[in-house]
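Student: What follows is work_1.cif, mmCIF, C-alpha atoms.
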data_query
loop_
_atom_site.label_atom_id
_atom_site.label_comp_id
_atom_site.auth_asym_id
_atom_site.auth_seq_id
_atom_site.Cartn_x
_atom_site.Cartn_y
_atom_site.Cartn_z
CA MET L 1 0.00 0.00 0.00
CA THR L 2 2.75 2.47 0.94
CA HIS L 3 4.66 2.06 -2.32
CA ARG L 4 1.48 2.34 -4.37
CA VAL L 5 0.20 5.57 -2.85
CA TYR L 6 3.53 7.27 -3.50
CA SER L 7 3.25 6.24 -7.13
CA TYR L 8 -0.39 7.24 -7.53
CA ILE L 9 0.13 10.77 -6.31
CA ILE L 10 3.25 11.35 -8.39
CA ALA L 11 1.30 10.19 -11.43
CA LEU L 12 -1.74 12.34 -10.59
CA ILE L 13 0.12 15.59 -9.96
CA GLY L 14 2.29 14.97 -13.00
CA VAL L 15 -0.77 14.51 -15.16
CA MET L 16 -2.33 17.67 -13.72
CA PHE L 17 0.56 19.89 -14.74
CA PHE L 18 1.36 18.33 -18.12
CA ILE L 19 -2.04 17.55 -19.67
CA SER L 20 -4.10 20.39 -21.12
CA CYS L 21 -7.87 19.99 -20.82
CA SER L 22 -9.58 20.54 -24.11
CA ASN L 23 -12.73 22.35 -23.03
CA ALA L 24 -11.20 25.47 -21.46
CA ASP L 25 -10.78 28.77 -23.25
CA ASN L 26 -7.01 28.95 -22.75
CA SER L 27 -6.62 32.53 -23.98
CA ASP L 28 -9.09 33.83 -21.37
CA PHE L 29 -7.44 31.69 -18.70
CA ILE L 30 -4.00 33.10 -19.44
CA GLN L 31 -5.34 36.66 -19.52
CA GLU L 32 -7.11 36.36 -16.16
CA ASN L 33 -4.52 34.30 -14.27
CA ASN L 34 -1.24 34.80 -16.13
CA GLY L 35 -1.31 31.11 -16.98
CA MET L 36 -1.13 30.05 -13.32
CA PRO L 37 -3.29 27.02 -12.47
CA LEU L 38 -5.90 27.70 -9.79
CA ILE L 39 -6.16 24.57 -7.63
CA ILE L 40 -8.66 23.17 -5.14
CA LEU L 41 -7.34 20.04 -3.44
CA ASP L 42 -9.97 17.53 -2.33
CA THR L 43 -8.36 15.08 0.09
CA ASP L 44 -9.30 12.21 2.40
CA ILE L 45 -6.29 13.07 4.53
CA GLY L 46 -5.72 11.16 7.77
CA SER L 47 -5.36 7.68 6.35
CA SER L 48 -2.52 7.22 3.85
CA THR L 49 0.46 9.19 2.63
CA ASP L 50 -0.68 10.06 -0.89
CA ASP L 51 -2.51 13.13 0.39
CA LEU L 52 0.56 14.35 2.27
CA PHE L 53 2.60 14.14 -0.90
CA ALA L 54 -0.07 15.99 -2.88
CA MET L 55 -0.11 18.81 -0.35
CA GLU L 56 3.66 19.13 -0.16
CA MET L 57 4.01 19.13 -3.94
CA LEU L 58 1.35 21.82 -4.30
CA TYR L 59 3.02 23.94 -1.59
CA ARG L 60 6.26 23.78 -3.53
CA TYR L 61 4.58 24.54 -6.85
CA GLU L 62 2.92 27.61 -5.34
CA GLU L 63 6.17 28.80 -3.78
CA HIS L 64 7.77 28.61 -7.22
CA GLY L 65 4.91 30.54 -8.81
CA GLN L 66 3.56 27.52 -10.69
CA CYS L 67 0.10 27.38 -9.15
CA ARG L 68 -2.20 29.05 -6.64
CA ILE L 69 -3.94 26.94 -4.00
CA LEU L 70 -7.47 28.29 -3.61
CA GLY L 71 -8.54 25.92 -0.84
CA MET L 72 -8.53 22.42 0.59
CA VAL L 73 -11.58 20.24 1.08
CA VAL L 74 -11.17 17.56 3.76
CA ASP L 75 -13.28 14.63 2.60
CA ARG L 76 -12.83 12.41 5.64
CA GLU L 77 -15.14 13.08 8.57
CA GLY L 78 -13.77 14.30 11.88
CA GLU L 79 -12.41 17.64 12.99
CA GLN L 80 -9.04 16.04 13.78
CA ASN L 81 -8.48 15.62 10.04
CA ALA L 82 -9.15 19.32 9.49
CA VAL L 83 -6.80 20.12 12.38
CA PHE L 84 -4.05 18.08 10.77
CA THR L 85 -4.65 19.83 7.44
CA ASP L 86 -4.34 23.18 9.20
CA VAL L 87 -1.11 22.03 10.87
CA MET L 88 0.30 21.07 7.47
CA ASN L 89 -0.75 24.36 5.88
CA THR L 90 0.69 26.38 8.75
CA TYR L 91 3.94 24.43 8.99
CA PHE L 92 4.64 24.91 5.30
CA GLY L 93 3.75 28.59 5.34
CA HIS L 94 0.26 28.39 3.81
CA GLY L 95 -1.92 28.95 6.85
CA ASP L 96 -4.18 31.31 4.89
CA VAL L 97 -5.48 28.51 2.64
CA PRO L 98 -9.18 28.03 3.51
CA ILE L 99 -10.35 24.60 4.65
CA GLY L 100 -13.72 22.90 4.23
CA LEU L 101 -14.77 19.79 6.14
CA VAL L 102 -17.13 17.02 5.08
CA ARG L 103 -20.13 16.41 7.29
CA ASP L 104 -22.69 13.67 6.61
CA GLY L 105 -20.08 11.84 4.57
CA ILE L 106 -18.80 8.26 4.43
CA ASP L 107 -19.35 6.39 7.66
CA SER L 108 -16.06 5.11 9.14
CA PRO L 109 -14.01 4.53 5.98
CA LYS L 110 -10.92 2.38 6.34
CA VAL L 111 -7.86 4.06 7.85
CA TRP L 112 -4.52 2.75 6.63
CA ILE L 113 -2.23 4.89 8.78
CA ASP L 114 -3.81 6.86 11.64
CA TYR L 115 -1.54 9.91 11.64
CA ALA L 116 -4.08 12.74 12.04
CA HIS L 117 -3.58 12.78 15.81
CA VAL L 118 0.00 13.91 15.31
CA ALA L 119 -1.55 17.37 15.61
CA ASP L 120 -2.35 16.57 19.26
CA ILE L 121 1.31 16.13 20.27
CA LYS L 122 2.39 18.51 23.05
CA ASP L 123 5.80 19.96 23.77
CA THR L 124 7.55 19.82 27.15
CA ASN L 125 5.43 22.76 28.34
CA GLY L 126 2.19 20.99 27.54
CA LEU L 127 1.46 23.25 24.56
CA PRO L 128 0.68 22.06 21.02
CA MET L 129 3.95 21.24 19.28
CA PHE L 130 2.70 22.37 15.89
CA LYS L 131 1.28 25.81 15.19
CA ARG L 132 -2.19 26.29 13.74
CA SER L 133 -4.01 29.05 11.90
CA VAL L 134 -7.68 28.17 12.53
CA ALA L 135 -9.10 29.23 15.89
CA ASP L 136 -12.31 27.17 15.91
CA TYR L 137 -12.67 24.15 13.64
CA SER L 138 -16.38 23.81 14.35
CA THR L 139 -16.88 27.00 12.32
CA LEU L 140 -15.31 25.56 9.16
CA PRO L 141 -17.76 25.42 6.27
CA ASP L 142 -18.95 22.15 4.82
CA GLY L 143 -16.74 21.09 1.95
CA TRP L 144 -19.43 21.59 -0.67
CA GLN L 145 -20.09 25.10 0.68
CA LEU L 146 -16.41 26.01 0.41
CA TYR L 147 -16.47 24.74 -3.16
CA ARG L 148 -19.36 27.07 -3.97
CA LYS L 149 -17.68 30.06 -2.36
CA LEU L 150 -14.35 29.49 -4.09
CA LEU L 151 -15.75 28.64 -7.51
CA ALA L 152 -18.13 31.60 -7.60
CA ALA L 153 -15.24 34.03 -7.02
CA GLN L 154 -13.05 32.75 -9.89
CA PRO L 155 -12.99 33.52 -13.61
CA ASP L 156 -14.97 31.20 -15.86
CA HIS L 157 -13.32 27.89 -16.80
CA SER L 158 -10.29 28.63 -14.63
CA VAL L 159 -10.31 26.20 -11.69
CA SER L 160 -8.65 22.79 -11.64
CA ILE L 161 -9.85 20.34 -8.98
CA VAL L 162 -7.39 17.71 -7.78
CA CYS L 163 -9.16 14.89 -5.96
CA THR L 164 -6.92 12.42 -4.14
CA GLY L 165 -9.66 10.79 -2.10
CA PHE L 166 -13.42 10.39 -1.97
CA VAL L 167 -15.91 12.32 -4.11
CA THR L 168 -18.36 12.94 -1.26
CA CYS L 169 -18.17 16.74 -1.19
CA LEU L 170 -18.14 16.87 -4.98
CA ALA L 171 -21.38 14.90 -5.08
CA GLN L 172 -22.87 17.25 -2.47
CA LEU L 173 -21.67 20.24 -4.50
CA LEU L 174 -23.36 18.95 -7.64
CA GLN L 175 -26.62 18.42 -5.71
CA SER L 176 -26.54 21.94 -4.22
CA GLU L 177 -28.89 24.79 -5.10
CA GLY L 178 -28.19 28.49 -5.56
CA ASP L 179 -27.11 30.46 -2.51
CA GLU L 180 -25.46 33.72 -1.43
CA TYR L 181 -22.36 32.90 -3.49
CA SER L 182 -24.08 32.10 -6.78
CA SER L 183 -27.59 31.75 -8.10
CA LEU L 184 -26.44 28.74 -10.14
CA ASN L 185 -27.06 25.21 -8.94
CA GLY L 186 -24.06 22.97 -8.38
CA VAL L 187 -23.97 21.41 -11.83
CA GLU L 188 -24.15 24.75 -13.60
CA LEU L 189 -21.61 26.33 -11.26
CA VAL L 190 -19.14 23.55 -12.04
CA ARG L 191 -19.86 23.86 -15.76
CA LYS L 192 -19.22 27.61 -15.62
CA LYS L 193 -16.13 27.75 -13.39
CA VAL L 194 -14.22 24.46 -13.56
CA LYS L 195 -11.59 23.90 -16.21
CA CYS L 196 -10.89 20.26 -15.41
CA ILE L 197 -10.96 17.68 -12.63
CA TYR L 198 -8.16 15.22 -11.92
CA LEU L 199 -9.21 12.08 -10.07
CA GLN L 200 -7.02 9.57 -8.27
CA GLY L 201 -9.07 6.44 -8.64
CA GLY L 202 -10.58 3.87 -10.91
CA VAL L 203 -9.44 0.66 -12.54
CA PHE L 204 -9.68 0.43 -16.32
CA GLY L 205 -8.10 -2.98 -16.85
CA GLU L 206 -8.18 -6.19 -14.87
CA ALA L 207 -8.31 -5.27 -11.20
CA GLU L 208 -5.90 -6.84 -8.72
CA GLU L 209 -8.03 -5.22 -6.01
CA PRO L 210 -11.13 -2.99 -6.10
CA ASP L 211 -10.71 0.76 -6.33
CA PHE L 212 -10.63 2.27 -2.84
CA ASN L 213 -11.68 5.88 -3.29
CA PHE L 214 -14.88 5.22 -5.22
CA ALA L 215 -15.84 1.93 -3.53
CA GLN L 216 -15.71 3.34 0.03
CA GLY L 217 -18.64 5.61 -0.76
CA ALA L 218 -20.27 3.98 -3.76
CA ASN L 219 -23.51 5.93 -3.40
CA PHE L 220 -21.64 9.25 -3.46
CA ALA L 221 -19.57 8.08 -6.42
CA GLN L 222 -22.72 7.16 -8.35
CA GLU L 223 -24.21 10.60 -7.70
CA PHE L 224 -20.97 12.30 -8.69
CA PHE L 225 -20.55 10.49 -11.99
CA SER L 226 -24.22 10.80 -12.91
CA LEU L 227 -24.30 14.57 -12.27
CA TRP L 228 -20.87 15.78 -13.40
CA PRO L 229 -21.35 17.89 -16.55
CA THR L 230 -19.99 15.98 -19.52
CA ASP L 231 -18.52 19.11 -21.11
CA VAL L 232 -16.08 19.57 -18.19
CA ASP L 233 -13.11 17.28 -18.68
CA MET L 234 -12.21 14.49 -16.30
CA VAL L 235 -8.68 13.06 -16.15
CA PHE L 236 -8.05 9.85 -14.22
CA SER L 237 -4.92 8.56 -12.55
CA PRO L 238 -6.09 4.96 -12.12
CA MET L 239 -4.46 2.04 -10.37
CA GLU L 240 -2.67 0.97 -13.55
CA THR L 241 -0.92 4.34 -13.83
CA GLY L 242 0.35 4.30 -10.28
CA GLN L 243 1.60 0.75 -10.51
CA ALA L 244 3.68 1.68 -13.55
CA VAL L 245 5.60 4.37 -11.63
CA GLU L 246 8.56 3.17 -9.58
CA TYR L 247 9.06 5.46 -6.58
CA THR L 248 10.63 3.57 -3.72
CA PRO L 249 10.50 4.60 -0.04
CA GLU L 250 14.26 5.14 -0.14
CA GLN L 251 13.90 7.62 -3.00
CA VAL L 252 11.05 9.37 -1.20
CA ILE L 253 13.19 9.90 1.90
CA SER L 254 16.04 11.17 -0.24
CA ASP L 255 13.80 13.61 -2.10
CA ILE L 256 12.23 15.14 1.02
CA SER L 257 15.35 15.34 3.18
CA TYR L 258 16.48 18.70 1.78
CA LYS L 259 13.00 20.18 2.03
CA THR L 260 12.62 19.00 5.62
CA SER L 261 15.90 20.56 6.69
CA VAL L 262 14.99 23.88 5.07
CA TYR L 263 11.62 24.09 6.88
CA GLU L 264 13.15 23.06 10.19
CA LEU L 265 15.53 26.00 9.91
CA GLN L 266 12.55 28.33 9.46
CA LEU L 267 10.85 27.28 12.72
#
Starting from the coordinates I provided, produce the structure as structure tokens.

Tutor:
Amino acid sequence: MTHRVYSYIIALIGVMFFISCSNADNSDFIQENNGMPLIILDTDIGSSTDDLFAMEMLYRYEEHGQCRILGMVVDREGEQNAVFTDVMNTYFGHGDVPIGLVRDGIDSPKVWIDYAHVADIKDTNGLPMFKRSVADYSTLPDGWQLYRKLLAAQPDHSVSIVCTGFVTCLAQLLQSEGDEYSSLNGVELVRKKVKCIYLQGGVFGEAEEPDFNFAQGANFAQEFFSLWPTDVDMVFSPMETGQAVEYTPEQVISDISYKTSVYELQL
């Protein structure tokens, strides 16, 4: 599992930055955003390491002026997962990135590595070891509501959604009605504002094991795929893609060692 999730996320983020979606008006996009991708990350963080890699890669891309992170949607229930996301954002210097949290989502999905409670670690003085930027996590908007707020504020056909987990909040977004952010319903808002969606999930050949992200919440996945507007492109990074990428744990440690030392010096 560990080797595979490294590979999946490398494949997904690579696809995101090197494939051009056909439906977007690229000239308008470049004019409005200077060619910089506008990204919403949808993550089931708090279970496996693919989401951590996605976040760290996007932080680095933004720091190098290669993208702008509009927000992060936490698609695994529990405030501790939002807390951990906030800790990550703050630690890497992106504490201003807004966070949405799924409520009424998938009931007790499988947890591969329970690392979200790292945010609860205290220092020798009994204070939280890791800084945070959110004062009250109970006030965070539902993920689908954050989607509506962020999408409504962006130029048409400009937002790329990167989904490394479940599609719960996306299904809820598509089922939503007009509100204070936009008079459009969820389907029309996506059609108007989203350039492309990149999904980590699916099996298109013979499956060695069932897909995790879609199977954990099959009812949400069915709603998502039935409602997603067909004129907004969908790019998959399926199991076969991840398995074809060789990214060993030893190489992972080597690649992040420099970055870790740099951020430790900034603390």

Student: Which distance in Å separates CA of Gly105 in chain L and CA of Gly165 in chain L, to one decimal?

Tutor: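 One can read the CA of Gly105 in chain L to CA of Gly165 in chain L distance as 12.4 Å.
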
Student: Where does the PyMOL selection byres ((chain L and resi 220) around 9) land in this file, that is, which residues does it pick, as a list in words?

Tutor: Gly105, Ile106, Phe166, Val167, Thr168, Cys169, Leu170, Ala171, Gln172, Phe214, Gly217, Ala218, Asn219, Ala221, Gln222, Glu223, Phe224 and Phe225 of chain L

Student: Give me a file of those residues, with C-alpha atoms, as an mmCIF file, keeping the file's coordinate frame.

Tutor:
data_model
loop_
_atom_site.group_PDB
_atom_site.id
_atom_site.type_symbol
_atom_site.label_atom_id
_atom_site.label_comp_id
_atom_site.auth_asym_id
_atom_site.auth_seq_id
_atom_site.Cartn_x
_atom_site.Cartn_y
_atom_site.Cartn_z
ATOM 1 C CA GLY L 105 -20.080 11.840 4.570
ATOM 2 C CA ILE L 106 -18.800 8.260 4.430
ATOM 3 C CA PHE L 166 -13.420 10.390 -1.970
ATOM 4 C CA VAL L 167 -15.910 12.320 -4.110
ATOM 5 C CA THR L 168 -18.360 12.940 -1.260
ATOM 6 C CA CYS L 169 -18.170 16.740 -1.190
ATOM 7 C CA LEU L 170 -18.140 16.870 -4.980
ATOM 8 C CA ALA L 171 -21.380 14.900 -5.080
ATOM 9 C CA GLN L 172 -22.870 17.250 -2.470
ATOM 10 C CA PHE L 214 -14.880 5.220 -5.220
ATOM 11 C CA GLY L 217 -18.640 5.610 -0.760
ATOM 12 C CA ALA L 218 -20.270 3.980 -3.760
ATOM 13 C CA ASN L 219 -23.510 5.930 -3.400
ATOM 14 C CA ALA L 221 -19.570 8.080 -6.420
ATOM 15 C CA GLN L 222 -22.720 7.160 -8.350
ATOM 16 C CA GLU L 223 -24.210 10.600 -7.700
ATOM 17 C CA PHE L 224 -20.970 12.300 -8.690
ATOM 18 C CA PHE L 225 -20.550 10.490 -11.990
#

Student: In terms of the shortest atom-to-atom distance over all atoms listed in the file, which of L:Asp255, L:Asp42, L:Glu79, L:Asp104 is closest to Tyr147 in chain L?

Tutor: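 Nearest to Tyr147 in chain L: L:Asp42.
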
Student: List as a PyMOL selection string the protein and nucleic acid residues near range 70-72 of chain L, meaning an atom at most 6 Å away when all atoms listed in the file are counted, but skip any in the same chain fewer than 2 places from it.

Tutor: chain L and resi 39-42+97-99

Student: To one decimal in Å, tell me the separation between CA of Val252 in chain L and CA of Arg60 in chain L.

Tutor: 15.4 Å
